[in-house]
$ cat protein_35.txt   # compact mmCIF, C-alpha atoms
# COMPACT_ATOMS: atom_id res chain seq x y z
CA MET R 1130 -25.30 23.89 -7.42
CA LYS R 1131 -21.55 24.47 -7.87
CA LYS R 1132 -21.39 26.54 -4.67
CA LEU R 1133 -23.37 23.91 -2.79
CA LEU R 1134 -21.07 21.12 -3.98
CA VAL R 1135 -17.94 23.07 -2.97
CA PHE R 1136 -19.47 23.84 0.44
CA TYR R 1137 -20.27 20.22 1.23
CA PHE R 1138 -16.96 18.95 -0.11
CA THR R 1139 -15.01 21.47 1.97
CA LEU R 1140 -17.16 20.74 5.01
CA GLY R 1141 -16.23 17.09 4.71
CA VAL R 1142 -12.46 17.41 4.47
CA CYS R 1143 -11.55 20.86 5.82
CA ALA R 1144 -8.22 20.55 7.65
CA ILE R 1145 -8.67 22.77 10.68
CA CYS R 1146 -5.51 21.85 12.56
CA PHE R 1147 -6.38 20.81 16.10
CA PRO R 1148 -3.51 21.50 18.55
CA GLN R 1149 -1.17 18.51 18.55
CA LYS R 1150 2.39 17.97 19.68
CA PHE R 1151 4.87 16.86 17.07
CA THR R 1152 8.50 15.91 17.45
CA LYS R 1153 11.63 16.46 15.40
CA ASN R 1154 11.29 12.84 14.24
CA ASP R 1155 7.80 13.64 12.94
CA THR R 1156 9.17 16.51 10.86
CA LEU R 1157 12.11 14.49 9.54
CA ARG R 1158 9.77 11.69 8.51
CA GLY R 1159 6.90 13.82 7.24
CA SER R 1160 8.57 16.66 5.32
CA ILE R 1161 10.58 16.91 2.14
CA THR R 1162 13.84 17.90 3.81
CA PRO R 1163 16.79 19.40 1.90
CA GLU R 1164 18.58 16.05 2.29
CA ARG R 1165 15.69 14.36 0.48
CA ALA R 1166 14.71 16.96 -2.10
CA TRP R 1167 17.89 16.85 -4.21
CA TRP R 1168 17.58 13.19 -5.32
CA ASP R 1169 14.89 11.18 -7.09
CA VAL R 1170 14.56 7.44 -6.45
CA LEU R 1171 14.67 5.38 -9.65
CA HIS R 1172 14.92 1.82 -8.31
CA TYR R 1173 15.35 -0.16 -5.10
CA ASP R 1174 17.29 -3.46 -5.26
CA LEU R 1175 16.34 -4.89 -1.87
CA LYS R 1176 17.73 -8.13 -0.43
CA VAL R 1177 16.57 -9.44 2.94
CA THR R 1178 17.34 -12.63 4.86
CA VAL R 1179 14.67 -13.65 7.38
CA ASN R 1180 15.82 -15.55 10.47
CA PRO R 1181 12.72 -16.88 12.30
CA LYS R 1182 14.58 -18.42 15.25
CA GLU R 1183 16.12 -15.11 16.31
CA LYS R 1184 13.35 -12.93 14.89
CA THR R 1185 16.02 -10.96 13.06
CA ILE R 1186 16.61 -9.83 9.51
CA SER R 1187 19.67 -8.66 7.57
CA GLY R 1188 20.24 -7.44 4.08
CA SER R 1189 21.12 -4.69 1.66
CA ASN R 1190 19.35 -2.06 -0.41
CA THR R 1191 21.03 -0.66 -3.51
CA ILE R 1192 19.32 2.59 -4.47
CA SER R 1193 19.54 3.93 -8.01
CA TYR R 1194 18.76 7.64 -8.11
CA ARG R 1195 18.90 10.75 -10.25
CA VAL R 1196 20.52 13.92 -8.93
CA LEU R 1197 18.08 16.84 -9.25
CA GLU R 1198 20.33 19.44 -7.63
CA ALA R 1199 24.01 19.23 -6.67
CA HIS R 1200 24.39 18.08 -3.06
CA ASP R 1201 26.70 16.12 -0.75
CA LYS R 1202 24.45 14.84 2.08
CA MET R 1203 21.70 12.23 1.86
CA GLN R 1204 18.90 11.40 4.33
CA ILE R 1205 18.03 7.71 4.74
CA ASP R 1206 15.27 6.54 7.08
CA LEU R 1207 15.69 3.43 9.25
CA GLN R 1208 14.01 3.07 12.63
CA PRO R 1209 15.58 1.56 15.77
CA PRO R 1210 16.32 -1.12 16.73
CA MET R 1211 17.30 -1.71 13.08
CA VAL R 1212 20.84 -0.54 12.34
CA LEU R 1213 22.41 0.81 9.16
CA ASN R 1214 25.84 -0.79 9.34
CA ASN R 1215 27.39 0.71 6.24
CA ALA R 1216 26.78 2.82 3.15
CA VAL R 1217 28.95 2.15 0.12
CA GLN R 1218 29.40 4.16 -3.07
CA ASN R 1219 32.07 3.49 -5.71
CA ASN R 1220 33.51 0.77 -3.43
CA GLN R 1221 34.11 3.24 -0.63
CA SER R 1222 32.43 3.30 2.78
CA LEU R 1223 30.77 6.58 3.68
CA THR R 1224 30.39 8.39 7.00
CA LEU R 1225 27.06 7.84 8.78
CA THR R 1226 25.46 10.06 11.42
CA ARG R 1227 22.30 8.88 13.19
CA LYS R 1228 19.64 11.25 14.50
CA GLY R 1229 16.61 9.37 15.82
CA ASN R 1230 15.01 7.49 12.94
CA VAL R 1231 17.25 9.13 10.33
CA TYR R 1232 20.76 8.48 9.06
CA TYR R 1233 22.68 11.26 7.32
CA ILE R 1234 25.22 10.01 4.80
CA ASP R 1235 28.16 12.23 3.93
CA LEU R 1236 28.93 11.62 0.27
CA LEU R 1237 32.53 11.77 -0.91
CA ASP R 1238 31.88 14.59 -3.36
CA THR R 1239 29.10 16.96 -4.32
CA GLN R 1240 26.97 14.93 -6.70
CA PRO R 1241 26.55 16.58 -10.12
CA LYS R 1242 23.09 17.56 -11.31
CA ASP R 1243 21.40 15.14 -13.76
CA SER R 1244 23.79 12.28 -12.96
CA VAL R 1245 22.37 8.80 -12.27
CA LEU R 1246 24.15 7.05 -9.41
CA LYS R 1247 23.88 4.14 -6.99
CA ILE R 1248 24.45 3.69 -3.28
CA THR R 1249 24.33 0.42 -1.33
CA LEU R 1250 23.04 0.32 2.25
CA LEU R 1251 23.78 -2.63 4.54
CA PHE R 1252 21.36 -3.19 7.42
CA ALA R 1253 20.52 -5.70 10.16
CA GLY R 1254 18.63 -6.06 13.41
CA GLN R 1255 15.49 -7.21 15.16
CA PRO R 1256 12.66 -5.16 13.63
CA VAL R 1257 9.76 -3.84 15.66
CA GLU R 1258 7.20 -6.56 16.24
CA ALA R 1259 3.66 -5.66 15.20
CA LEU R 1260 1.37 -5.41 18.23
CA ASN R 1261 -1.94 -5.06 16.35
CA PRO R 1262 -1.28 -5.49 12.63
CA PRO R 1263 -1.90 -3.92 10.25
CA TRP R 1264 -2.78 -0.80 12.27
CA ASP R 1265 0.09 -1.05 14.74
CA GLY R 1266 2.55 -2.52 12.31
CA GLY R 1267 5.97 -4.09 11.91
CA TYR R 1268 6.90 -7.76 11.61
CA THR R 1269 4.45 -10.48 12.63
CA TRP R 1270 6.17 -13.70 13.77
CA SER R 1271 3.69 -16.56 14.17
CA ARG R 1272 3.14 -20.21 13.31
CA ASP R 1273 0.52 -22.09 11.34
CA SER R 1274 -1.50 -25.00 12.73
CA ASN R 1275 1.29 -27.41 11.75
CA GLY R 1276 3.85 -25.46 13.78
CA LYS R 1277 5.64 -23.97 10.79
CA ASP R 1278 6.80 -20.35 10.82
CA PHE R 1279 4.29 -17.88 9.37
CA ILE R 1280 5.74 -14.38 9.03
CA ALA R 1281 4.62 -11.15 7.41
CA THR R 1282 5.28 -7.41 7.30
CA SER R 1283 2.62 -4.69 7.53
CA ASN R 1284 3.85 -1.16 8.02
CA GLN R 1285 1.64 1.48 6.43
CA GLY R 1286 1.35 3.68 9.52
CA ILE R 1287 4.66 3.01 11.22
CA GLY R 1288 6.53 3.21 7.92
CA ALA R 1289 8.59 1.00 5.63
CA SER R 1290 11.71 2.20 7.46
CA VAL R 1291 10.64 0.06 10.42
CA TRP R 1292 12.53 -2.76 8.67
CA TRP R 1293 14.42 -1.54 5.58
CA PRO R 1294 16.39 1.63 4.74
CA ASN R 1295 14.81 3.95 2.16
CA LYS R 1296 13.46 7.43 1.51
CA ASP R 1297 10.39 6.92 3.68
CA HIS R 1298 8.03 9.58 2.34
CA PRO R 1299 5.15 8.93 -0.09
CA TYR R 1300 5.99 11.76 -2.49
CA ASP R 1301 8.87 9.86 -4.13
CA GLU R 1302 8.17 6.38 -5.52
CA PRO R 1303 10.86 4.41 -7.40
CA ASP R 1304 10.09 5.17 -11.05
CA GLN R 1305 11.47 1.81 -12.21
CA GLY R 1306 10.09 -0.29 -9.39
CA VAL R 1307 11.73 -2.68 -6.95
CA THR R 1308 13.61 -5.96 -7.06
CA LEU R 1309 13.00 -7.88 -3.83
CA ALA R 1310 15.05 -10.98 -2.92
CA ILE R 1311 13.74 -12.84 0.15
CA THR R 1312 15.97 -15.51 1.69
CA THR R 1313 14.14 -18.02 3.90
CA PRO R 1314 14.84 -21.34 5.61
CA LYS R 1315 14.69 -24.07 2.99
CA ASP R 1316 11.34 -25.49 4.14
CA LEU R 1317 9.56 -22.14 3.74
CA VAL R 1318 8.51 -19.92 0.84
CA GLY R 1319 9.15 -16.16 0.55
CA VAL R 1320 6.50 -14.15 -1.30
CA GLY R 1321 6.92 -10.50 -2.30
CA ASN R 1322 5.48 -8.02 -4.79
CA GLY R 1323 5.28 -8.39 -8.54
CA ARG R 1324 6.46 -11.46 -10.43
CA LEU R 1325 8.71 -14.29 -9.27
CA ILE R 1326 11.75 -14.12 -11.57
CA ASN R 1327 14.22 -16.46 -9.85
CA THR R 1328 14.55 -19.12 -7.15
CA GLN R 1329 17.94 -20.18 -5.85
CA GLU R 1330 18.58 -22.93 -3.28
CA ASN R 1331 21.50 -24.04 -1.16
CA GLU R 1332 21.78 -26.58 1.66
CA GLU R 1333 20.02 -24.39 4.24
CA ASN R 1334 18.16 -21.56 2.50
CA THR R 1335 16.15 -20.59 -0.54
CA THR R 1336 16.18 -17.12 -2.09
CA TRP R 1337 12.99 -16.01 -3.84
CA THR R 1338 13.50 -13.01 -6.13
CA TRP R 1339 10.51 -10.88 -7.11
CA GLN R 1340 10.39 -7.97 -9.53
CA VAL R 1341 8.12 -4.94 -9.67
CA THR R 1342 8.52 -2.90 -12.85
CA GLN R 1343 6.06 -0.10 -12.01
CA PRO R 1344 6.32 2.71 -9.42
CA ILE R 1345 5.37 1.47 -5.94
CA ASN R 1346 4.77 3.18 -2.61
CA ASN R 1347 7.31 2.16 0.06
CA TYR R 1348 4.77 0.80 2.52
CA GLY R 1349 3.44 -1.46 -0.22
CA VAL R 1350 6.72 -3.40 -0.40
CA ASN R 1351 6.12 -6.54 1.68
CA VAL R 1352 7.69 -9.79 2.82
CA ASN R 1353 5.57 -12.89 3.50
CA VAL R 1354 7.10 -16.18 4.64
CA GLY R 1355 5.28 -19.46 5.24
CA ASP R 1356 4.53 -22.99 4.13
CA TYR R 1357 2.82 -21.63 1.03
CA VAL R 1358 1.32 -23.48 -1.91
CA THR R 1359 0.21 -21.64 -5.01
CA PHE R 1360 -2.40 -21.84 -7.77
CA SER R 1361 -3.19 -19.41 -10.57
CA GLU R 1362 -5.58 -18.31 -13.29
CA THR R 1363 -5.79 -15.75 -16.09
CA TYR R 1364 -8.36 -12.97 -16.16
CA LYS R 1365 -9.46 -11.55 -19.52
CA GLY R 1366 -9.41 -7.87 -18.67
CA GLU R 1367 -9.64 -4.53 -20.43
CA LYS R 1368 -5.91 -4.56 -21.27
CA GLY R 1369 -5.81 -8.24 -22.21
CA PRO R 1370 -4.76 -11.27 -20.15
CA LEU R 1371 -4.02 -10.50 -16.49
CA ASP R 1372 -2.00 -13.09 -14.60
CA ILE R 1373 -3.44 -13.91 -11.17
CA SER R 1374 -1.73 -16.06 -8.55
CA TYR R 1375 -2.75 -17.11 -5.06
CA TRP R 1376 -0.34 -18.02 -2.27
CA VAL R 1377 -1.97 -19.72 0.73
CA LEU R 1378 -1.01 -21.99 3.59
CA ARG R 1379 -0.88 -25.61 2.53
CA GLU R 1380 -3.68 -26.44 4.98
CA ASN R 1381 -6.06 -23.86 3.45
CA LYS R 1382 -5.76 -24.56 -0.27
CA SER R 1383 -9.26 -26.04 -0.66
CA LYS R 1384 -10.86 -23.16 1.27
CA ALA R 1385 -8.95 -20.63 -0.82
CA LYS R 1386 -10.01 -22.17 -4.13
CA LYS R 1387 -13.63 -21.65 -3.13
CA GLN R 1388 -13.36 -18.20 -1.48
CA PHE R 1389 -11.03 -16.63 -4.01
CA THR R 1390 -13.52 -17.06 -6.85
CA GLN R 1391 -14.50 -13.53 -5.79
CA VAL R 1392 -11.27 -12.11 -7.24
CA PRO R 1393 -12.34 -12.23 -10.94
CA LYS R 1394 -15.71 -10.80 -9.90
CA MET R 1395 -13.92 -7.95 -8.12
CA LEU R 1396 -11.77 -7.26 -11.18
CA GLU R 1397 -14.79 -7.20 -13.48
CA ALA R 1398 -16.66 -4.70 -11.29
CA PHE R 1399 -13.70 -2.43 -10.59
CA GLU R 1400 -12.48 -2.33 -14.18
CA TYR R 1401 -16.00 -1.30 -15.14
CA TRP R 1402 -16.07 1.55 -12.62
CA PHE R 1403 -12.42 2.64 -12.41
CA GLY R 1404 -10.75 1.52 -15.62
CA PRO R 1405 -8.10 -1.15 -16.20
CA TYR R 1406 -6.33 -2.78 -13.28
CA PRO R 1407 -3.28 -0.49 -12.90
CA PHE R 1408 -0.52 -3.12 -12.74
CA TYR R 1409 -0.95 -5.64 -15.55
CA GLU R 1410 2.83 -5.65 -15.97
CA ASP R 1411 3.34 -6.89 -12.40
CA SER R 1412 0.28 -9.20 -12.20
CA TYR R 1413 -2.27 -9.54 -9.38
CA LYS R 1414 -1.51 -11.66 -6.35
CA LEU R 1415 -3.49 -12.56 -3.20
CA VAL R 1416 -1.33 -13.80 -0.31
CA GLU R 1417 -2.51 -15.33 2.97
CA VAL R 1418 -1.05 -13.69 6.10
CA PRO R 1419 -1.38 -14.03 9.89
CA TYR R 1420 -3.24 -10.71 10.26
CA LEU R 1421 -6.41 -9.25 8.71
CA GLY R 1422 -4.91 -8.01 5.45
CA MET R 1423 -3.56 -4.97 3.57
CA GLU R 1424 -3.23 -3.42 0.14
CA HIS R 1425 0.37 -4.22 -0.74
CA GLN R 1426 0.71 -3.42 -4.44
CA SER R 1427 0.41 -6.50 -6.71
CA SER R 1428 0.65 -8.55 -3.50
CA VAL R 1429 -2.63 -7.95 -1.68
CA THR R 1430 -2.55 -9.71 1.69
CA TYR R 1431 -5.46 -11.70 3.09
CA GLY R 1432 -6.39 -12.87 6.58
CA ASN R 1433 -10.20 -12.74 6.69
CA ARG R 1434 -10.46 -16.44 7.65
CA TYR R 1435 -12.22 -17.37 4.41
CA MET R 1436 -15.46 -15.71 5.47
CA ASP R 1437 -17.71 -13.15 3.82
CA GLY R 1438 -18.16 -9.82 5.53
CA TYR R 1439 -15.52 -8.38 7.84
CA LEU R 1440 -14.49 -11.44 9.86
CA GLY R 1441 -18.08 -12.61 9.34
CA ARG R 1442 -19.69 -9.27 10.29
CA ASP R 1443 -21.56 -6.71 8.19
CA LEU R 1444 -20.07 -3.27 8.90
CA SER R 1445 -23.10 -1.55 7.38
CA GLY R 1446 -25.73 -3.39 9.42
CA THR R 1447 -27.86 -3.73 6.28
CA GLY R 1448 -27.13 -7.32 5.32
CA TRP R 1449 -25.39 -6.27 2.10
CA GLY R 1450 -21.98 -6.45 3.74
CA LEU R 1451 -22.29 -10.23 3.93
CA LYS R 1452 -22.54 -10.53 0.14
CA PHE R 1453 -18.76 -10.26 -0.33
CA ASP R 1454 -15.45 -10.96 1.39
CA PHE R 1455 -14.55 -7.55 2.78
CA ILE R 1456 -10.77 -8.01 2.61
CA ILE R 1457 -10.73 -9.24 -0.99
CA ILE R 1458 -12.90 -6.35 -2.16
CA HIS R 1459 -11.62 -3.49 0.03
CA GLU R 1460 -7.90 -4.24 -0.11
CA SER R 1461 -8.03 -4.89 -3.85
CA GLY R 1462 -9.86 -1.58 -4.33
CA HIS R 1463 -6.69 0.03 -3.03
CA GLU R 1464 -4.89 -1.05 -6.19
CA TRP R 1465 -6.71 1.88 -7.83
CA PHE R 1466 -6.81 4.22 -4.80
CA ALA R 1467 -3.55 4.09 -2.80
CA ASN R 1468 -1.35 2.18 -5.22
CA ASN R 1469 -2.29 3.75 -8.56
CA ILE R 1470 -3.31 7.14 -7.13
CA THR R 1471 -1.21 7.76 -4.01
CA ASN R 1472 -1.31 10.61 -1.49
CA LYS R 1473 1.73 12.88 -1.66
CA ASP R 1474 1.47 13.51 2.09
CA ILE R 1475 -0.04 11.08 4.59
CA ALA R 1476 -2.31 13.93 5.78
CA ASP R 1477 -4.30 13.30 2.57
CA MET R 1478 -4.80 9.60 3.21
CA TRP R 1479 -8.56 10.11 2.88
CA ILE R 1480 -7.91 9.83 -0.87
CA HIS R 1481 -6.86 6.22 -0.27
CA GLU R 1482 -9.48 5.26 2.26
CA GLY R 1483 -12.49 7.33 1.23
CA PHE R 1484 -12.53 6.15 -2.37
CA THR R 1485 -11.71 2.56 -1.40
CA ALA R 1486 -14.46 2.40 1.24
CA TYR R 1487 -16.71 3.78 -1.49
CA SER R 1488 -15.54 1.02 -3.87
CA GLU R 1489 -17.27 -1.56 -1.65
CA ASN R 1490 -20.59 0.05 -2.48
CA LEU R 1491 -19.77 0.12 -6.22
CA PHE R 1492 -19.00 -3.60 -6.13
CA LEU R 1493 -22.51 -4.11 -4.75
CA ASP R 1494 -23.92 -1.72 -7.36
CA TYR R 1495 -22.39 -3.78 -10.18
CA TYR R 1496 -23.85 -7.09 -8.97
CA TYR R 1497 -26.94 -6.15 -6.92
CA GLY R 1498 -28.03 -2.75 -8.18
CA LYS R 1499 -28.03 0.89 -7.19
CA GLU R 1500 -30.52 0.58 -4.33
CA ALA R 1501 -28.46 -2.13 -2.61
CA SER R 1502 -25.27 -0.10 -2.95
CA SER R 1503 -26.93 3.03 -1.56
CA GLU R 1504 -28.32 1.13 1.43
CA TYR R 1505 -24.86 -0.23 2.17
CA VAL R 1506 -22.94 3.05 2.07
CA ILE R 1507 -25.66 4.94 3.99
CA GLY R 1508 -25.65 2.11 6.52
CA THR R 1509 -22.00 2.82 7.31
CA ARG R 1510 -22.84 6.37 8.42
CA LYS R 1511 -23.48 5.19 11.97
CA ARG R 1512 -19.72 4.59 12.21
CA ILE R 1513 -18.85 8.25 11.57
CA ARG R 1514 -17.42 9.76 14.75
CA ASN R 1515 -17.02 13.44 13.78
CA ASP R 1516 -14.13 13.61 16.23
CA ARG R 1517 -11.63 15.57 14.13
CA PRO R 1518 -10.94 16.45 10.47
CA ILE R 1519 -10.32 13.68 8.00
CA ILE R 1520 -7.28 15.59 6.75
CA GLY R 1521 -4.29 15.43 9.07
CA ASN R 1522 -1.46 17.89 9.66
CA TYR R 1523 0.90 18.30 6.74
CA ASN R 1524 4.67 17.72 6.81
CA VAL R 1525 4.68 15.82 10.13
CA ASN R 1526 3.54 12.33 9.05
CA ALA R 1527 0.08 12.74 10.61
CA GLU R 1528 -3.05 11.19 9.14
CA GLY R 1529 -6.54 12.46 9.85
CA SER R 1530 -9.51 10.91 11.64
CA SER R 1531 -10.65 7.36 10.90
CA ASP R 1532 -13.73 9.13 9.49
CA MET R 1533 -11.69 9.18 6.27
CA TYR R 1534 -13.29 5.75 5.61
CA TYR R 1535 -17.03 6.17 6.18
CA LYS R 1536 -17.38 9.94 6.03
CA GLY R 1537 -15.14 9.90 2.96
CA ALA R 1538 -17.25 7.21 1.29
CA ASN R 1539 -20.51 9.00 2.03
CA MET R 1540 -19.13 12.31 0.82
CA ILE R 1541 -18.20 10.68 -2.49
CA HIS R 1542 -21.60 8.96 -2.61
CA MET R 1543 -23.16 12.42 -2.23
CA LEU R 1544 -21.15 13.74 -5.18
CA ARG R 1545 -22.62 10.95 -7.29
CA GLN R 1546 -26.10 12.28 -6.47
CA PHE R 1547 -25.08 15.78 -7.62
CA THR R 1548 -23.81 14.30 -10.89
CA LYS R 1549 -27.23 12.67 -11.52
CA ASN R 1550 -25.98 10.86 -14.62
CA ASP R 1551 -24.47 7.50 -13.59
CA GLU R 1552 -22.58 7.06 -16.86
CA LYS R 1553 -21.02 10.48 -16.42
CA TRP R 1554 -20.08 9.56 -12.84
CA ARG R 1555 -18.44 6.35 -14.05
CA GLY R 1556 -16.55 8.40 -16.63
CA ILE R 1557 -15.28 10.73 -13.88
CA LEU R 1558 -13.90 7.82 -11.84
CA ARG R 1559 -12.26 6.23 -14.87
CA LYS R 1560 -10.82 9.51 -16.07
CA MET R 1561 -9.39 10.20 -12.60
CA ASN R 1562 -7.50 6.90 -12.63
CA ALA R 1563 -6.19 7.66 -16.11
CA LYS R 1564 -5.22 11.28 -15.39
CA PHE R 1565 -3.35 10.45 -12.16
CA HIS R 1566 -2.04 7.07 -13.34
CA HIS R 1567 0.90 6.01 -11.13
CA GLN R 1568 1.12 9.49 -9.58
CA THR R 1569 1.25 10.98 -6.12
CA VAL R 1570 -1.42 13.65 -5.57
CA THR R 1571 -2.78 16.22 -3.13
CA THR R 1572 -6.31 16.90 -1.92
CA GLN R 1573 -6.25 20.10 -3.96
CA GLN R 1574 -5.60 18.15 -7.17
CA ILE R 1575 -8.49 15.77 -6.50
CA GLU R 1576 -10.85 18.61 -5.56
CA SER R 1577 -9.94 20.58 -8.68
CA PHE R 1578 -10.38 17.54 -10.89
CA LEU R 1579 -13.82 16.71 -9.50
$ encode --input "protein_35.txt" --output "structure tokens"
Amino acid sequence: MKKLLVFYFTLGVCAICFPQKFTKNDTLRGSITPERAWWDVLHYDLKVTVNPKEKTISGSNTISYRVLEAHDKMQIDLQPPMVLNNAVQNNQSLTLTRKGNVYYIDLLDTQPKDSVLKITLLFAGQPVEALNPPWDGGYTWSRDSNGKDFIATSNQGIGASVWWPNKDHPYDEPDQGVTLAITTPKDLVGVGNGRLINTQENEENTTWTWQVTQPINNYGVNVNVGDYVTFSETYKGEKGPLDISYWVLRENKSKAKKQFTQVPKMLEAFEYWFGPYPFYEDSYKLVEVPYLGMEHQSSVTYGNRYMDGYLGRDLSGTGWGLKFDFIIIHESGHEWFANNITNKDIADMWIHEGFTAYSENLFLDYYYGKEASSEYVIGTRKRIRNDRPIIGNYNVNAEGSSDMYYKGANMIHMLRQFTKNDEKWRGILRKMNAKFHHQTVTTQQIESFL
């Protein structure tokens, strides 16, 4: 049985590298370069001003970091047409050299090992506009039905460096989180990750400051701007009271109050299967956006038009997919798989998408039973393409086939059958979230654990 399990598992994810062409930019983005390896991000203090009329942004990012090995050159990622105007340390401007999507910063002195330092990066520009968010990401500039600006970021694939300067590789998350200050025109609201800790107004603008205290993946940091109204509730979870807030367009508040009753149901099912929601400290938030939605940590974005299914469709073809709002369930499942347990290299993104696609079926299992959940996940098999491996190429920022969703989910469903004991299987999923709590992981780690 052990040999059979290993065979099927390897068959599902084996990374036979198909010939592909990669560029120097791919290597600089996708590998742990010497200019990245010597420093560990502790905290990002990110400030951004959003200018809807010009579709531009400007701001600063102060990075706190620990020196792991003595070095004097730092790699910072920021993609054109965004520009890094200055880098300042100890009140002195530093020399910048741009190579493609990367800036190299020459530090004044070799930085001593074990020291904790800060550097401030000043940036501005007109960020890439998302063509098909969230898959082809960037900034989305749109308007609501009342003509007010409705703006959002979504940048998992293209990278966080499409709009703000950072170490844009998933292996290094800020250990102490992020502070995000969003400055908007006065008639709009800026919503970010974590908890709102301050609001400051002047004659023209309002600055909304949000705080994340837990490690967070870079692509999960998001900016949402609109004519938002908010309402909230408290969920009695495994770790005690969990603060929940909803931020929706003023025109959709009544729809949201009805549709978002699925959030506590989601939390109940997923805490049962996976263990406590991973970010009690930073709360849970669901934010309406002008695209389908994404798993931004403690700021899950929603654009499913207040319908059950996937924009009203059942992806499984079984009928079970219309029993829940796909975006609420799927994107929230990523809080456990993507935000709590994060791939160390994007080539292993099946860990995010396979387990989260599988979470849809466990939501059904919790409320409708094992037969319903099995029908659903097996129903998604018709979407498997078998075009290429679900593991991508390592060290070049390359994800695998979209089969990471449905093939990944069915592979995990198969492992449940091998386990035979459902309580043991639940224990495995809960233990995995505890063992790799707030960590970045590899396929090998997940395979070995299972």
$ closest_residue --input "protein_35.txt" --among "R:Phe1565, R:Tyr1357, R:Tyr1523, R:Tyr1535" --to "R:Asp1474" --atoms "all atoms listed in the file"
R:Tyr1523
$ residues_around --input "protein_35.txt" --residues "stretch 1328-1345 of chain R" --least-positions-apart "6" --cutoff "7 Å" --atoms "all atoms listed in the file" --output "VMD selection string"
chain R and resid 1302 to 1315 1319 1321 to 1322 1411 1426 1468 1567
$ write_last_selection --input "protein_35.txt" --atoms "C-alpha atoms" --output "mmCIF file, in the coordinates of the input"
data_model
loop_
_atom_site.group_PDB
_atom_site.id
_atom_site.type_symbol
_atom_site.label_atom_id
_atom_site.label_comp_id
_atom_site.auth_asym_id
_atom_site.auth_seq_id
_atom_site.Cartn_x
_atom_site.Cartn_y
_atom_site.Cartn_z
ATOM 1 C CA GLU R 1302 8.170 6.380 -5.520
ATOM 2 C CA PRO R 1303 10.860 4.410 -7.400
ATOM 3 C CA ASP R 1304 10.090 5.170 -11.050
ATOM 4 C CA GLN R 1305 11.470 1.810 -12.210
ATOM 5 C CA GLY R 1306 10.090 -0.290 -9.390
ATOM 6 C CA VAL R 1307 11.730 -2.680 -6.950
ATOM 7 C CA THR R 1308 13.610 -5.960 -7.060
ATOM 8 C CA LEU R 1309 13.000 -7.880 -3.830
ATOM 9 C CA ALA R 1310 15.050 -10.980 -2.920
ATOM 10 C CA ILE R 1311 13.740 -12.840 0.150
ATOM 11 C CA THR R 1312 15.970 -15.510 1.690
ATOM 12 C CA THR R 1313 14.140 -18.020 3.900
ATOM 13 C CA PRO R 1314 14.840 -21.340 5.610
ATOM 14 C CA LYS R 1315 14.690 -24.070 2.990
ATOM 15 C CA GLY R 1319 9.150 -16.160 0.550
ATOM 16 C CA GLY R 1321 6.920 -10.500 -2.300
ATOM 17 C CA ASN R 1322 5.480 -8.020 -4.790
ATOM 18 C CA ASP R 1411 3.340 -6.890 -12.400
ATOM 19 C CA GLN R 1426 0.710 -3.420 -4.440
ATOM 20 C CA ASN R 1468 -1.350 2.180 -5.220
ATOM 21 C CA HIS R 1567 0.900 6.010 -11.130
#
$ closest_residue --input "protein_35.txt" --among "R:Tyr1409, R:Tyr1439, R:Tyr1233, R:Phe1399" --to "R:Leu1371" --atoms "all atoms listed in the file"
R:Tyr1409
$ atom_distance --input "protein_35.txt" --atom1 "atom CA of R:Ser1577" --atom2 "atom CA of R:Gly1286"
27.3 Å
$ residues_near_point --input "protein_35.txt" --point "(18.3, 6.7, -7.2)" --cutoff "8 Å" --atoms "only C-alpha atoms" --output "PyMOL selection string"
chain R and resi 1168-1173+1192-1196+1245-1248+1303
$ write_last_selection --input "protein_35.txt" --atoms "C-alpha atoms" --output "short mmCIF file (atom, residue, chain, number, x, y, z; two decimals), in the frame of the given file"
data_model
loop_
_atom_site.label_atom_id
_atom_site.label_comp_id
_atom_site.auth_asym_id
_atom_site.auth_seq_id
_atom_site.Cartn_x
_atom_site.Cartn_y
_atom_site.Cartn_z
CA TRP R 1168 17.58 13.19 -5.32
CA ASP R 1169 14.89 11.18 -7.09
CA VAL R 1170 14.56 7.44 -6.45
CA LEU R 1171 14.67 5.38 -9.65
CA HIS R 1172 14.92 1.82 -8.31
CA TYR R 1173 15.35 -0.16 -5.10
CA ILE R 1192 19.32 2.59 -4.47
CA SER R 1193 19.54 3.93 -8.01
CA TYR R 1194 18.76 7.64 -8.11
CA ARG R 1195 18.90 10.75 -10.25
CA VAL R 1196 20.52 13.92 -8.93
CA VAL R 1245 22.37 8.80 -12.27
CA LEU R 1246 24.15 7.05 -9.41
CA LYS R 1247 23.88 4.14 -6.99
CA ILE R 1248 24.45 3.69 -3.28
CA PRO R 1303 10.86 4.41 -7.40
#
$ residues_around --input "protein_35.txt" --residues "stretch 1493-1498 of chain R" --least-positions-apart "4" --cutoff "10 Å" --atoms "all atoms listed in the file" --output "list in words"
Lys1394, Met1395, Glu1397, Ala1398, Phe1399, Tyr1401, Trp1402, Trp1449, Gly1450, Lys1452, Phe1453, Ser1488, Glu1489, Ser1502, Ser1503, Glu1504, Tyr1505 and Val1506 of chain R
